[in-house]
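Visitor: Quick one, entry.txt (compact mmCIF, C-alpha atoms and all ligand atoms):
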```txt
# COMPACT_ATOMS: atom_id res chain seq x y z
CA MET A 1 5.33 2.45 -1.36
CA ALA A 2 8.53 4.00 -0.84
CA THR A 3 11.81 3.15 -2.30
CA GLN A 4 14.98 2.77 -0.45
CA GLN A 5 16.32 6.23 0.07
CA GLY A 6 19.95 5.36 -0.21
CA LEU A 7 19.60 3.35 -3.32
CA MET A 8 17.81 6.14 -4.99
CA SER A 9 20.01 8.88 -3.68
CA SER A 10 23.15 7.25 -4.79
CA THR A 11 22.21 7.01 -8.39
CA VAL A 12 20.33 10.15 -9.14
CA ALA A 13 21.30 11.81 -12.34
CA PRO A 14 22.63 15.34 -12.16
CA LEU A 15 20.06 17.52 -10.50
CA LYS A 16 17.48 18.70 -12.93
CA LEU A 17 15.16 21.25 -11.49
CA GLY A 18 11.55 20.40 -11.78
CA SER A 19 11.95 16.94 -13.01
CA PHE A 20 12.55 13.60 -11.48
CA SER A 21 15.58 12.35 -13.20
CA ARG A 22 17.25 9.03 -12.57
CA SER A 23 19.96 7.08 -14.18
CA LYS A 24 19.50 3.58 -15.53
CA SER A 25 21.63 2.26 -12.73
CA SER A 26 19.19 3.55 -10.17
CA LEU A 27 16.53 1.53 -11.82
CA SER A 28 18.36 -1.69 -11.53
CA ALA A 29 19.28 -0.92 -7.98
CA ARG A 30 15.71 -0.16 -7.12
CA GLY A 31 14.23 -3.11 -8.88
CA GLY A 32 13.58 -6.42 -7.36
CA THR A 33 13.14 -6.65 -3.71
CA LEU A 34 13.41 -3.27 -2.16
CA VAL A 35 10.97 -1.25 -4.08
CA ARG A 36 8.50 -4.02 -4.22
CA LEU A 37 6.63 -4.14 -0.98
CA LEU A 38 7.20 -0.62 0.05
CA SER A 39 3.92 1.03 -0.67
CA PRO A 40 2.14 2.19 2.41
CA ALA A 41 -1.23 2.81 1.20
CA HIS A 42 -2.22 -0.60 0.41
CA PRO A 43 -3.33 -1.27 1.05
CA ARG A 44 -1.25 -1.29 0.42
CA VAL A 45 2.16 -3.48 -2.04
CA HIS A 46 4.04 -2.36 -5.31
CA ALA A 47 5.48 -3.59 -8.72
CA LEU A 48 8.25 -1.82 -9.74
CA ARG A 49 9.84 -0.84 -12.73
CA ALA A 50 10.58 -4.30 -13.79
CA GLY A 51 7.34 -5.32 -12.21
CA SER A 52 5.01 -3.25 -14.19
CA ARG A 53 6.89 -3.81 -17.39
CA GLY A 54 7.60 -7.46 -16.94
CA VAL A 55 4.20 -8.51 -15.80
CA ALA A 56 2.48 -6.37 -18.32
CA ALA A 57 4.42 -7.98 -21.09
CA GLY A 58 2.46 -11.16 -20.84
CA ARG A 59 -0.70 -9.66 -19.66
CA TRP A 60 -2.79 -6.63 -20.14
CA ALA A 61 -0.80 -4.51 -22.45
CA ALA A 62 0.35 -1.64 -20.44
CA ALA A 63 -1.59 1.43 -21.28
CA PRO A 64 0.42 4.19 -22.87
CA ALA A 65 2.36 6.31 -20.50
CA GLY A 66 1.04 9.48 -18.99
CA ALA A 67 -2.32 10.87 -19.84
CA GLY A 68 -2.90 8.04 -22.23
CA ALA A 69 -2.67 5.55 -19.45
CA THR A 70 -6.39 5.15 -19.30
CA THR A 71 -7.20 5.84 -22.87
CA GLY A 72 -5.72 2.85 -24.65
CA THR A 73 -8.08 1.14 -27.07
CA ALA A 74 -6.18 -2.01 -27.92
CA ALA A 75 -7.48 -5.24 -26.45
CA PRO A 76 -4.39 -7.31 -25.78
CA ALA A 77 -4.50 -10.95 -24.88
CA GLU A 78 -4.72 -11.82 -21.21
CA MET A 79 -2.24 -14.15 -19.65
CA GLU A 80 -3.63 -17.54 -18.67
CA TRP A 81 -3.02 -17.98 -14.98
CA PRO A 82 -2.45 -21.52 -13.75
CA PRO A 83 -5.48 -22.88 -11.89
CA VAL A 84 -5.41 -22.69 -8.11
CA PRO A 85 -4.83 -26.19 -6.69
CA GLN A 86 -8.13 -27.62 -5.49
CA GLU A 87 -6.63 -28.49 -2.12
CA GLN A 88 -5.93 -24.80 -1.52
CA VAL A 89 -9.50 -23.88 -2.37
CA ASP A 90 -10.74 -26.62 -0.05
CA ALA A 91 -8.40 -25.41 2.69
CA MET A 92 -9.86 -21.92 2.44
CA ARG A 93 -13.45 -23.13 2.52
CA SER A 94 -12.70 -25.32 5.50
CA LEU A 95 -11.66 -22.20 7.41
CA ASN A 96 -15.05 -20.49 7.24
CA GLY A 97 -15.88 -21.43 10.83
CA TRP A 98 -12.44 -20.33 11.97
CA VAL A 99 -12.85 -17.01 10.17
CA ALA A 100 -16.17 -16.44 11.94
CA GLU A 101 -14.57 -17.04 15.32
CA ASN A 102 -11.19 -15.40 14.82
CA MET A 103 -11.39 -12.77 12.09
CA LEU A 104 -14.87 -11.31 12.09
CA PRO A 105 -14.51 -10.16 15.73
CA LEU A 106 -11.59 -8.01 14.57
CA LEU A 107 -14.00 -5.81 12.64
CA THR A 108 -15.51 -2.98 14.65
CA PRO A 109 -19.32 -2.96 14.98
CA VAL A 110 -20.80 -0.05 13.05
CA GLU A 111 -22.36 1.34 16.24
CA SER A 112 -18.97 1.86 17.85
CA ALA A 113 -16.88 2.56 14.75
CA TRP A 114 -15.46 6.02 14.15
CA GLN A 115 -16.67 7.92 11.10
CA PRO A 116 -14.86 10.62 9.10
CA TYR A 117 -17.29 13.23 10.40
CA ASP A 118 -15.94 12.66 13.93
CA TYR A 119 -12.57 14.13 13.02
CA LEU A 120 -13.55 17.12 10.91
CA PRO A 121 -15.36 20.41 11.54
CA ARG A 122 -19.10 19.73 11.80
CA SER A 123 -20.86 21.07 8.74
CA ALA A 124 -24.48 20.84 9.92
CA SER A 125 -26.46 23.93 9.00
CA ALA A 126 -27.96 24.78 12.39
CA ALA A 127 -26.98 28.31 13.35
CA ALA A 128 -25.00 27.29 16.41
CA GLU A 129 -23.11 24.70 14.43
CA ALA A 130 -22.45 27.00 11.52
CA GLU A 131 -20.34 29.18 13.74
CA ALA A 132 -18.54 26.17 15.16
CA PHE A 133 -17.86 24.99 11.64
CA THR A 134 -16.32 28.31 10.67
CA GLU A 135 -14.12 28.27 13.74
CA GLY A 136 -13.17 24.61 13.30
CA LEU A 137 -12.30 25.21 9.67
CA ALA A 138 -10.11 28.18 10.56
CA GLU A 139 -8.27 26.07 13.15
CA LEU A 140 -7.83 23.21 10.72
CA ARG A 141 -6.42 25.53 8.08
CA ALA A 142 -4.11 27.30 10.47
CA ALA A 143 -2.57 24.01 11.59
CA ALA A 144 -2.35 22.64 8.06
CA ALA A 145 -0.58 25.79 6.90
CA CYS A 146 2.50 24.53 8.75
CA LEU A 147 2.74 21.26 6.84
CA PRO A 148 5.69 21.07 4.46
CA ASP A 149 5.28 19.99 0.87
CA ASP A 150 6.80 16.55 1.35
CA VAL A 151 4.21 15.68 3.99
CA LEU A 152 1.44 16.91 1.69
CA VAL A 153 2.74 14.73 -1.14
CA CYS A 154 2.83 11.70 1.16
CA LEU A 155 -0.71 12.40 2.30
CA VAL A 156 -2.01 12.76 -1.22
CA GLY A 157 -0.26 9.58 -2.36
CA ASN A 158 -1.71 7.66 0.56
CA MET A 159 -5.15 9.15 0.04
CA VAL A 160 -5.24 8.34 -3.66
CA THR A 161 -4.21 4.78 -2.91
CA GLU A 162 -6.94 4.45 -0.29
CA GLU A 163 -9.47 5.92 -2.72
CA ALA A 164 -8.84 3.11 -5.19
CA LEU A 165 -10.65 0.76 -2.80
CA PRO A 166 -13.05 -0.58 -5.48
CA THR A 167 -10.02 -2.18 -7.12
CA TYR A 168 -9.03 -3.92 -3.91
CA GLN A 169 -12.49 -5.20 -3.10
CA SER A 170 -12.84 -6.66 -6.55
CA MET A 171 -9.42 -8.21 -6.07
CA GLY A 172 -10.59 -9.94 -2.89
CA ASN A 173 -13.67 -11.28 -4.60
CA ARG A 174 -11.55 -12.80 -7.38
CA VAL A 175 -9.64 -15.02 -4.97
CA GLU A 176 -10.65 -18.68 -5.13
CA GLY A 177 -12.27 -20.01 -1.99
CA ILE A 178 -12.91 -16.69 -0.26
CA GLY A 179 -14.77 -14.51 -2.77
CA ASP A 180 -18.24 -13.13 -2.22
CA ASP A 181 -20.04 -15.04 -4.95
CA THR A 182 -23.40 -13.31 -4.64
CA GLY A 183 -22.48 -9.84 -3.40
CA SER A 184 -24.36 -10.44 -0.16
CA SER A 185 -23.16 -13.89 0.81
CA SER A 186 -23.50 -14.82 4.47
CA LEU A 187 -20.34 -16.93 4.42
CA PRO A 188 -17.73 -15.63 6.87
CA TRP A 189 -15.07 -15.00 4.22
CA ALA A 190 -17.52 -12.86 2.23
CA ARG A 191 -18.59 -11.00 5.37
CA TRP A 192 -14.94 -10.30 6.15
CA ILE A 193 -14.30 -8.84 2.70
CA ARG A 194 -17.36 -6.59 2.91
CA GLY A 195 -16.63 -5.56 6.50
CA TRP A 196 -13.01 -4.84 5.66
CA THR A 197 -14.10 -2.78 2.66
CA ALA A 198 -16.54 -0.78 4.77
CA GLU A 199 -13.80 0.08 7.26
CA GLU A 200 -11.31 0.92 4.53
CA ASN A 201 -13.82 3.16 2.80
CA ARG A 202 -13.59 5.63 5.67
CA HIS A 203 -9.84 6.07 5.17
CA GLY A 204 -10.03 7.64 1.74
CA ASP A 205 -13.09 9.66 2.74
CA LEU A 206 -11.41 11.14 5.79
CA LEU A 207 -8.09 11.97 4.12
CA ASN A 208 -9.88 13.38 1.09
CA ARG A 209 -12.11 15.70 3.11
CA TYR A 210 -9.24 16.81 5.30
CA LEU A 211 -7.08 17.67 2.31
CA TYR A 212 -9.96 19.47 0.60
CA LEU A 213 -10.60 21.61 3.67
CA THR A 214 -6.95 22.55 4.12
CA GLY A 215 -6.79 24.32 0.76
CA ARG A 216 -3.17 23.24 0.55
CA VAL A 217 -3.42 20.93 -2.47
CA ASP A 218 -4.76 21.13 -6.01
CA MET A 219 -7.80 18.94 -5.42
CA ARG A 220 -8.68 18.67 -9.07
CA GLN A 221 -5.29 17.19 -9.88
CA VAL A 222 -5.65 14.87 -6.90
CA GLU A 223 -9.09 13.76 -8.10
CA ILE A 224 -7.77 13.20 -11.61
CA THR A 225 -5.10 10.96 -10.12
CA THR A 226 -7.68 8.85 -8.31
CA HIS A 227 -9.71 8.65 -11.50
CA HIS A 228 -6.70 7.40 -13.47
CA LEU A 229 -5.72 4.91 -10.79
CA LEU A 230 -9.18 3.37 -10.70
CA ARG A 231 -9.22 3.09 -14.47
CA ASN A 232 -5.73 1.61 -14.57
CA GLY A 233 -6.31 -0.91 -11.78
CA MET A 234 -3.46 -2.89 -10.31
CA GLU A 235 -1.41 -5.89 -11.26
CA MET A 236 -1.34 -8.93 -9.05
CA LEU A 237 1.28 -11.61 -8.94
CA ALA A 238 -1.16 -14.51 -8.63
CA PRO A 239 -4.59 -12.89 -8.76
CA LYS A 240 -6.71 -15.88 -7.80
CA SER A 241 -4.42 -17.60 -5.32
CA PRO A 242 -5.65 -17.45 -1.72
CA TYR A 243 -2.23 -18.14 -0.23
CA HIS A 244 -0.56 -15.36 -2.19
CA SER A 245 -3.39 -12.94 -1.56
CA LEU A 246 -3.50 -13.42 2.19
CA ILE A 247 0.25 -13.09 2.55
CA TYR A 248 0.12 -10.01 0.37
CA GLY A 249 -2.70 -8.65 2.51
CA ALA A 250 -0.71 -9.13 5.71
CA PHE A 251 2.28 -7.27 4.26
CA GLN A 252 0.15 -4.49 2.87
CA GLU A 253 -1.83 -3.89 6.03
CA ARG A 254 1.31 -3.74 8.13
CA ALA A 255 3.01 -1.44 5.60
CA THR A 256 -0.03 0.81 5.70
CA PHE A 257 -0.08 0.80 9.48
CA ILE A 258 3.56 1.91 9.49
CA SER A 259 3.04 4.55 6.84
CA HIS A 260 0.00 6.19 8.44
CA GLY A 261 1.68 5.95 11.83
CA HIS A 262 4.78 7.74 10.60
CA THR A 263 2.63 10.40 8.96
CA ALA A 264 0.83 10.94 12.27
CA ARG A 265 4.20 11.50 13.95
CA LEU A 266 5.24 14.01 11.29
CA ALA A 267 1.93 15.83 11.60
CA MET A 268 2.43 16.15 15.34
CA GLN A 269 5.96 17.42 14.85
CA HIS A 270 4.62 20.15 12.59
CA GLY A 271 1.87 21.09 15.03
CA ASP A 272 -1.15 19.66 13.21
CA ARG A 273 -2.94 17.72 15.93
CA THR A 274 -6.02 17.12 13.81
CA LEU A 275 -4.00 15.41 11.11
CA ALA A 276 -2.08 13.44 13.71
CA LYS A 277 -5.38 12.12 15.08
CA ILE A 278 -6.68 11.34 11.60
CA CYS A 279 -3.62 9.34 10.62
CA GLY A 280 -3.60 7.71 14.04
CA VAL A 281 -7.13 6.32 13.81
CA ILE A 282 -6.50 5.09 10.29
CA ALA A 283 -3.28 3.40 11.43
CA ALA A 284 -5.20 1.67 14.22
CA ASP A 285 -7.63 0.25 11.65
CA GLU A 286 -4.76 -1.03 9.54
CA ARG A 287 -3.32 -2.71 12.62
CA ARG A 288 -6.54 -4.67 13.18
CA HIS A 289 -6.65 -5.66 9.54
CA GLU A 290 -3.04 -6.76 9.69
CA ALA A 291 -3.92 -8.93 12.68
CA GLY A 292 -6.62 -10.66 10.64
CA TYR A 293 -4.46 -11.47 7.62
CA THR A 294 -1.53 -12.42 9.81
CA LYS A 295 -3.58 -14.79 11.94
CA VAL A 296 -5.19 -16.56 9.04
CA SER A 297 -1.83 -16.90 7.30
CA ALA A 298 -0.39 -18.40 10.49
CA ARG A 299 -3.28 -20.85 10.54
CA LEU A 300 -2.56 -21.80 6.93
CA PHE A 301 1.11 -22.31 7.76
CA ASP A 302 -0.14 -24.98 10.21
CA VAL A 303 -2.45 -26.55 7.64
CA ASP A 304 -0.17 -26.46 4.58
CA PRO A 305 3.35 -25.30 5.50
CA ASP A 306 4.87 -26.33 2.19
CA GLY A 307 2.33 -24.50 0.08
CA MET A 308 2.52 -21.40 2.23
CA VAL A 309 6.29 -21.10 2.39
CA ARG A 310 6.47 -21.49 -1.39
CA ALA A 311 3.81 -18.82 -1.77
CA LEU A 312 5.69 -16.53 0.62
CA ALA A 313 8.91 -16.93 -1.35
CA HIS A 314 7.01 -16.30 -4.57
CA VAL A 315 5.55 -13.09 -3.18
CA MET A 316 8.98 -11.97 -2.01
CA ARG A 317 10.65 -12.79 -5.32
CA GLY A 318 7.87 -11.74 -7.59
CA LYS A 319 7.23 -8.53 -9.30
CA VAL A 320 4.24 -7.46 -7.31
CA THR A 321 2.41 -4.32 -8.14
CA MET A 322 1.79 -1.91 -5.35
CA PRO A 323 -1.81 -0.78 -5.07
CA GLY A 324 -0.98 2.73 -6.18
CA GLN A 325 1.60 1.74 -8.75
CA LEU A 326 -0.43 2.76 -11.76
CA MET A 327 -1.43 6.21 -10.53
CA SER A 328 -1.17 9.09 -12.98
CA ASP A 329 -2.15 12.73 -12.81
CA GLY A 330 -2.32 12.97 -16.57
CA ARG A 331 1.12 14.60 -16.63
CA ALA A 332 3.62 12.31 -14.94
CA PRO A 333 3.29 8.86 -16.46
CA ALA A 334 1.78 5.83 -14.78
CA GLU A 335 4.03 3.51 -16.73
CA GLY A 336 6.78 3.56 -19.23
CA GLY A 337 9.91 4.36 -17.32
CA ASP A 338 11.51 5.22 -14.03
CA ASP A 339 9.93 8.66 -13.80
CA THR A 340 6.42 7.57 -12.99
CA LEU A 341 4.22 9.44 -10.57
CA PHE A 342 4.35 6.50 -8.21
CA ALA A 343 8.15 6.45 -8.31
CA ARG A 344 8.23 10.14 -7.45
CA PHE A 345 5.76 9.68 -4.62
CA SER A 346 7.73 6.67 -3.31
CA ALA A 347 10.94 8.66 -3.34
CA VAL A 348 9.35 11.43 -1.32
CA ALA A 349 7.92 8.94 1.18
CA GLN A 350 11.34 7.36 1.56
CA ARG A 351 13.06 10.65 2.20
CA ALA A 352 10.36 11.89 4.58
CA GLY A 353 10.58 8.68 6.57
CA VAL A 354 6.95 7.83 5.92
CA TYR A 355 7.85 4.47 4.44
CA THR A 356 11.42 3.35 3.92
CA ALA A 357 13.52 0.42 2.85
CA SER A 358 14.41 -0.06 6.47
CA ASP A 359 10.71 -0.44 7.25
CA TYR A 360 10.53 -3.05 4.56
CA GLY A 361 13.42 -5.00 6.06
CA ASP A 362 11.66 -4.87 9.43
CA LEU A 363 8.47 -6.07 7.79
CA VAL A 364 10.10 -9.13 6.27
CA GLU A 365 11.84 -9.96 9.53
CA HIS A 366 8.61 -9.56 11.47
CA PHE A 367 6.62 -11.98 9.34
CA VAL A 368 9.36 -14.57 9.09
CA ARG A 369 9.46 -14.60 12.88
CA ARG A 370 5.70 -14.38 13.38
CA TRP A 371 5.01 -17.30 11.06
CA ARG A 372 7.97 -19.26 12.45
CA VAL A 373 9.23 -19.90 8.96
CA ALA A 374 12.64 -21.12 10.12
CA GLU A 375 10.99 -23.82 12.22
CA LEU A 376 8.81 -25.32 9.50
CA GLY A 377 9.43 -29.01 8.99
CA GLY A 378 8.35 -31.76 6.59
CA LEU A 379 8.93 -29.55 3.57
CA SER A 380 9.50 -30.63 -0.01
CA GLY A 381 12.75 -29.75 -1.76
CA GLU A 382 11.15 -26.68 -3.24
CA GLY A 383 9.71 -25.81 0.14
CA ARG A 384 13.10 -26.01 1.80
CA ARG A 385 14.65 -23.79 -0.85
CA ALA A 386 11.85 -21.29 -0.36
CA GLN A 387 12.38 -21.42 3.41
CA GLU A 388 16.11 -20.78 3.03
CA TYR A 389 15.52 -17.88 0.68
CA VAL A 390 12.93 -16.19 2.86
CA CYS A 391 14.91 -16.62 6.06
CA GLY A 392 17.97 -15.00 4.48
CA LEU A 393 16.13 -12.09 2.96
CA ALA A 394 16.06 -9.50 5.76
CA PRO A 395 19.84 -9.46 6.26
CA LYS A 396 20.28 -9.03 2.50
CA ILE A 397 17.90 -6.08 2.51
CA ARG A 398 19.79 -4.49 5.37
CA ARG A 399 23.14 -4.94 3.62
CA MET A 400 21.76 -3.33 0.48
CA GLU A 401 20.36 -0.51 2.53
CA GLU A 402 23.69 0.20 4.21
CA LEU A 403 25.41 0.20 0.85
CA ALA A 404 22.83 2.51 -0.58
CA GLN A 405 23.08 4.91 2.32
CA ARG A 406 26.82 5.16 1.86
CA ARG A 407 26.29 5.92 -1.81
CA ALA A 408 23.60 8.42 -0.94
CA ALA A 409 25.96 10.36 1.27
CA ARG A 410 28.08 11.01 -1.81
CA GLY A 411 25.23 11.69 -4.22
CA GLU A 412 23.50 14.79 -5.46
CA PRO A 413 19.90 15.50 -4.46
CA GLY A 414 17.11 15.28 -7.01
CA LEU A 415 13.86 17.13 -7.32
CA ALA A 416 10.43 15.92 -8.29
CA ARG A 417 7.59 18.13 -9.43
CA PHE A 418 4.02 17.40 -8.32
CA SER A 419 0.85 18.82 -9.82
CA TRP A 420 -0.82 17.92 -6.49
CA ILE A 421 0.93 20.86 -4.85
CA PHE A 422 0.49 23.31 -7.70
CA ASP A 423 3.59 22.15 -9.56
CA ARG A 424 6.04 22.88 -6.81
CA THR A 425 9.08 20.62 -6.49
CA VAL A 426 10.16 18.42 -3.60
CA VAL A 427 13.63 17.10 -2.84
CA VAL A 428 13.68 13.35 -3.27
CA SER A 429 17.18 12.32 -2.37
FE FE B 1 -6.64 1.82 4.57
FE FE B 2 -6.38 -1.80 6.02
```
For the file at hand, write its structure as structure tokens.
Guide:
Amino acid sequence: MATQQGLMSSTVAPLKLGSFSRSKSSLSARGGTLVRLLSPAHPRVHALRAGSRGVAAGRWAAAPAGAGATTGTAAPAEMEWPPVPQEQVDAMRSLNGWVAENMLPLLTPVESAWQPYDYLPRSASAAAEAEAFTEGLAELRAAAACLPDDVLVCLVGNMVTEEALPTYQSMGNRVEGIGDDTGSSSLPWARWIRGWTAEENRHGDLLNRYLYLTGRVDMRQVEITTHHLLRNGMEMLAPKSPYHSLIYGAFQERATFISHGHTARLAMQHGDRTLAKICGVIAADERRHEAGYTKVSARLFDVDPDGMVRALAHVMRGKVTMPGQLMSDGRAPAEGGDDTLFARFSAVAQRAGVYTASDYGDLVEHFVRRWRVAELGGLSGEGRRAQEYVCGLAPKIRRMEELAQRRAARGEPGLARFSWIFDRTVVVS
């Protein structure tokens, strides 16, 4: 979700108060790899500049920028995606028993799961509780009053991304071999998707209610943003491919875990213990989800190493849309340039340390090691090339980051305006 701070900082156009202004060169620097998988909130992954434009070119004509993003009336032709190889579909179906034994236990039983109500002032109407609610609300507001604008922007961006959960559930059900064909299927893959959705649903609920109670953000503008994002959807690199989707899921869950975890740390630093707890419990959920997608991907690397390493390279190279990429508040555009709402939000997250290019480098390194990509044998020529590319990626990201940081030290800061915080501006570089 975030973009690499240095890259952005180094190329910001002359400071323009109240806008988010970037030169063309910043776009090309931000493109490709770094910006791509940086979105924290999923669930988290992102398509950047080139991503949203490039992919859209052959696909669903990008809706007009800004407020028009969800009002387009044209019905452009859809791109024909290549069919998923039958052996991949069979591999997924063959894992149903494994999913039941190894993934479903990662979901928390409803009886012991936390609920948003556990972390917010109790609103029950009994007289005794009414007083407690008033006191709890006053405490919540007093702590939230200390939060700086950049933390609020990060929270809103993460919340909006979580709130677009219907998009992600429908995405899961589109994937060949794991989708919930009936809506109530008893197959383990389908139960995982529904159980995962039920856990994720609490994240947006909790962040939304917290933000509403603080009185610190313009909730109507926030709600408009969620509305636009759900209407705009998200772009996927290979929407029906199980290999791509599970790898993507692993990256996104880990990115989200990192992002919410960093936000919890910031909240604690600013004295908001309630928010720190909220972000902490959400991060813990993301960690369990990451474990599920990571484990099943590891299993698939055993079953079909060549197919998986090629899919991994494709995900790394591809122009993948982050879940919140197409957000719009009706003012800042969802698409159409480098000054999108998502780009602004990403820049703030980068600068605040909520999700950074360095985190992304760590992410790539983690998964390459976890899936033992360097040790894979018996690969095809294409598989070996994919292996070489993926194994050399983290050092490249780090080199780019160092370069960008040096440039950033010489650059001018930029400002981005957010309707979410009543049109105040935030420094982005
Ligand atoms: Fe989540
Ligand atoms: Fe998650």
Visitor: For the atom pair CA of Ala100 (chain A) and CA of Pro188 (chain A), what is the interatomic distance in Å to one decimal place?
Guide: 5.4 Å
Visitor: Which residue is closest to ligand FE 1 (chain B)? Choose from A:Gly353, A:Gly381, A:Pro109, A:Gly261 and count all atoms listed in the file.
Guide: A:Gly261
Visitor: Between CA of Asp304 (chain A) and CA of Asp362 (chain A), measure the distance and give it in Å to one decimal.
Guide: 25.1 Å
Visitor: Could you name the residues that touch region 313-318 of chain A at 7 Å or less, counting all atoms listed in the file, but leaving out those on the same chain fewer than 4 positions away, as an NGL selection string?
Guide: :A and (33 or 237 or 244 or 309 or 386 or 389-390)
Visitor: Would you pick out the contacts of Tyr243 (chain A) at 9 Å or less, using all atoms listed in the file, so that residues sharing its chain but fewer than 5 positions from it are not included, and give the list as a list of chain:residue names?
Guide: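 The neighbour list is A:Gln88, A:Met92, A:Tyr248, A:Ser297, A:Leu300, A:Gly307, A:Met308, A:Ala311, A:Leu312.
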Visitor: Quick one: distance from CA of Arg331 (chain A) to CA of His227 (chain A) in Å, one decimal?
Guide: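 CA of His227 (chain A) lies 13.4 Å from CA of Arg331 (chain A).
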Visitor: Within 10 Å of (-11.3, 2.2, -12.6), all atoms listed in the file: residues as JSON, numbers by chain?
Guide: {"A": [70, 164, 165, 166, 167, 226, 227, 228, 229, 230, 231, 232, 233, 234]}
Visitor: Could you dump the residues just selected with C-alpha atoms as a PDB file, in the coordinates of the input?
Guide:
```pdb
ATOM      1  CA  THR A  70      -6.390   5.150 -19.300  1.00  0.00           C
ATOM      2  CA  ALA A 164      -8.840   3.110  -5.190  1.00  0.00           C
ATOM      3  CA  LEU A 165     -10.650   0.760  -2.800  1.00  0.00           C
ATOM      4  CA  PRO A 166     -13.050  -0.580  -5.480  1.00  0.00           C
ATOM      5  CA  THR A 167     -10.020  -2.180  -7.120  1.00  0.00           C
ATOM      6  CA  THR A 226      -7.680   8.850  -8.310  1.00  0.00           C
ATOM      7  CA  HIS A 227      -9.710   8.650 -11.500  1.00  0.00           C
ATOM      8  CA  HIS A 228      -6.700   7.400 -13.470  1.00  0.00           C
ATOM      9  CA  LEU A 229      -5.720   4.910 -10.790  1.00  0.00           C
ATOM     10  CA  LEU A 230      -9.180   3.370 -10.700  1.00  0.00           C
ATOM     11  CA  ARG A 231      -9.220   3.090 -14.470  1.00  0.00           C
ATOM     12  CA  ASN A 232      -5.730   1.610 -14.570  1.00  0.00           C
ATOM     13  CA  GLY A 233      -6.310  -0.910 -11.780  1.00  0.00           C
ATOM     14  CA  MET A 234      -3.460  -2.890 -10.310  1.00  0.00           C
TER      15      MET A 234
END
```
Visitor: Given the choices A:Thr356, A:Ser380, A:Thr108, A:Thr197, which gets closest to ligand FE 2 (chain B) if the distance is worked out from only C-alpha atoms and all ligand atoms?
Guide: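 Closest to ligand FE 2 (chain B), using only C-alpha atoms and all ligand atoms: A:Thr197.
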Visitor: Any chance you could tabulate, as CSV, the residues of chain A at most 12 Å from ligand FE 2 (chain B) with each one's nearest atom pair and distance in Å to one decimal, using all atoms listed in the file, in chain and rising number order?
Guide:
```
residue,atom,partner,partner_atom,distance
A:Pro40,CA,B:FE2,FE,10.1
A:Ala41,CA,B:FE2,FE,8.4
A:His42,CA,B:FE2,FE,7.1
A:Pro43,CA,B:FE2,FE,5.9
A:Arg44,CA,B:FE2,FE,7.6
A:Val45,CA,B:FE2,FE,11.9
A:Leu106,CA,B:FE2,FE,11.8
A:Leu107,CA,B:FE2,FE,10.9
A:Asn158,CA,B:FE2,FE,11.9
A:Thr161,CA,B:FE2,FE,11.3
A:Glu162,CA,B:FE2,FE,8.9
A:Leu165,CA,B:FE2,FE,10.1
A:Tyr168,CA,B:FE2,FE,10.5
A:Gln169,CA,B:FE2,FE,11.5
A:Ile193,CA,B:FE2,FE,11.1
A:Gly195,CA,B:FE2,FE,10.9
A:Trp196,CA,B:FE2,FE,7.3
A:Thr197,CA,B:FE2,FE,8.5
A:Ala198,CA,B:FE2,FE,10.3
A:Glu199,CA,B:FE2,FE,7.8
A:Glu200,CA,B:FE2,FE,5.8
A:Asn201,CA,B:FE2,FE,9.5
A:Arg202,CA,B:FE2,FE,10.4
A:His203,CA,B:FE2,FE,8.6
A:Gly204,CA,B:FE2,FE,11.0
A:Tyr248,CA,B:FE2,FE,11.9
A:Gly249,CA,B:FE2,FE,8.5
A:Ala250,CA,B:FE2,FE,9.3
A:Phe251,CA,B:FE2,FE,10.4
A:Gln252,CA,B:FE2,FE,7.7
A:Glu253,CA,B:FE2,FE,5.0
A:Arg254,CA,B:FE2,FE,8.2
A:Ala255,CA,B:FE2,FE,9.4
A:Thr256,CA,B:FE2,FE,6.9
A:Phe257,CA,B:FE2,FE,7.6
A:Ile258,CA,B:FE2,FE,11.2
A:Ser259,CA,B:FE2,FE,11.4
A:His260,CA,B:FE2,FE,10.5
A:Val281,CA,B:FE2,FE,11.3
A:Ile282,CA,B:FE2,FE,8.1
A:Ala283,CA,B:FE2,FE,8.1
A:Ala284,CA,B:FE2,FE,9.0
A:Asp285,CA,B:FE2,FE,6.1
A:Glu286,CA,B:FE2,FE,4.0
A:Arg287,CA,B:FE2,FE,7.3
A:Arg288,CA,B:FE2,FE,7.7
A:His289,CA,B:FE2,FE,5.2
A:Glu290,CA,B:FE2,FE,7.0
A:Ala291,CA,B:FE2,FE,10.1
A:Gly292,CA,B:FE2,FE,10.0
A:Tyr293,CA,B:FE2,FE,10.0
```
Visitor: Compare A:Asp306, A:Gly280, A:Trp371, A:Met103 by their minimum atom-to-atom distance to ligand FE 1 (chain B), counting all atoms listed in the file, and give me the closest one.
Guide: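 Going through A:Asp306, A:Gly280, A:Trp371, A:Met103 one by one, the smallest distance to ligand FE 1 (chain B) is for A:Gly280.
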Visitor: Which one is closest to Gln221 (chain A): A:Val84, A:Met327, A:Ala113, A:Val175? Count all atoms listed in the file.
Guide: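 Nearest candidate to Gln221 (chain A) out of A:Val84, A:Met327, A:Ala113, A:Val175: A:Met327.
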Visitor: Closest to Ala334 (chain A) among A:Thr225, A:Ser429, A:Thr263, A:Ser419, using all atoms listed in the file?
Guide: A:Thr225
Visitor: With only C-alpha atoms as the atoms that count, which of A:Ala124, A:Val151, A:Met159, A:Asp218 lies nearest to Pro323 (chain A)?
Guide: A:Met159
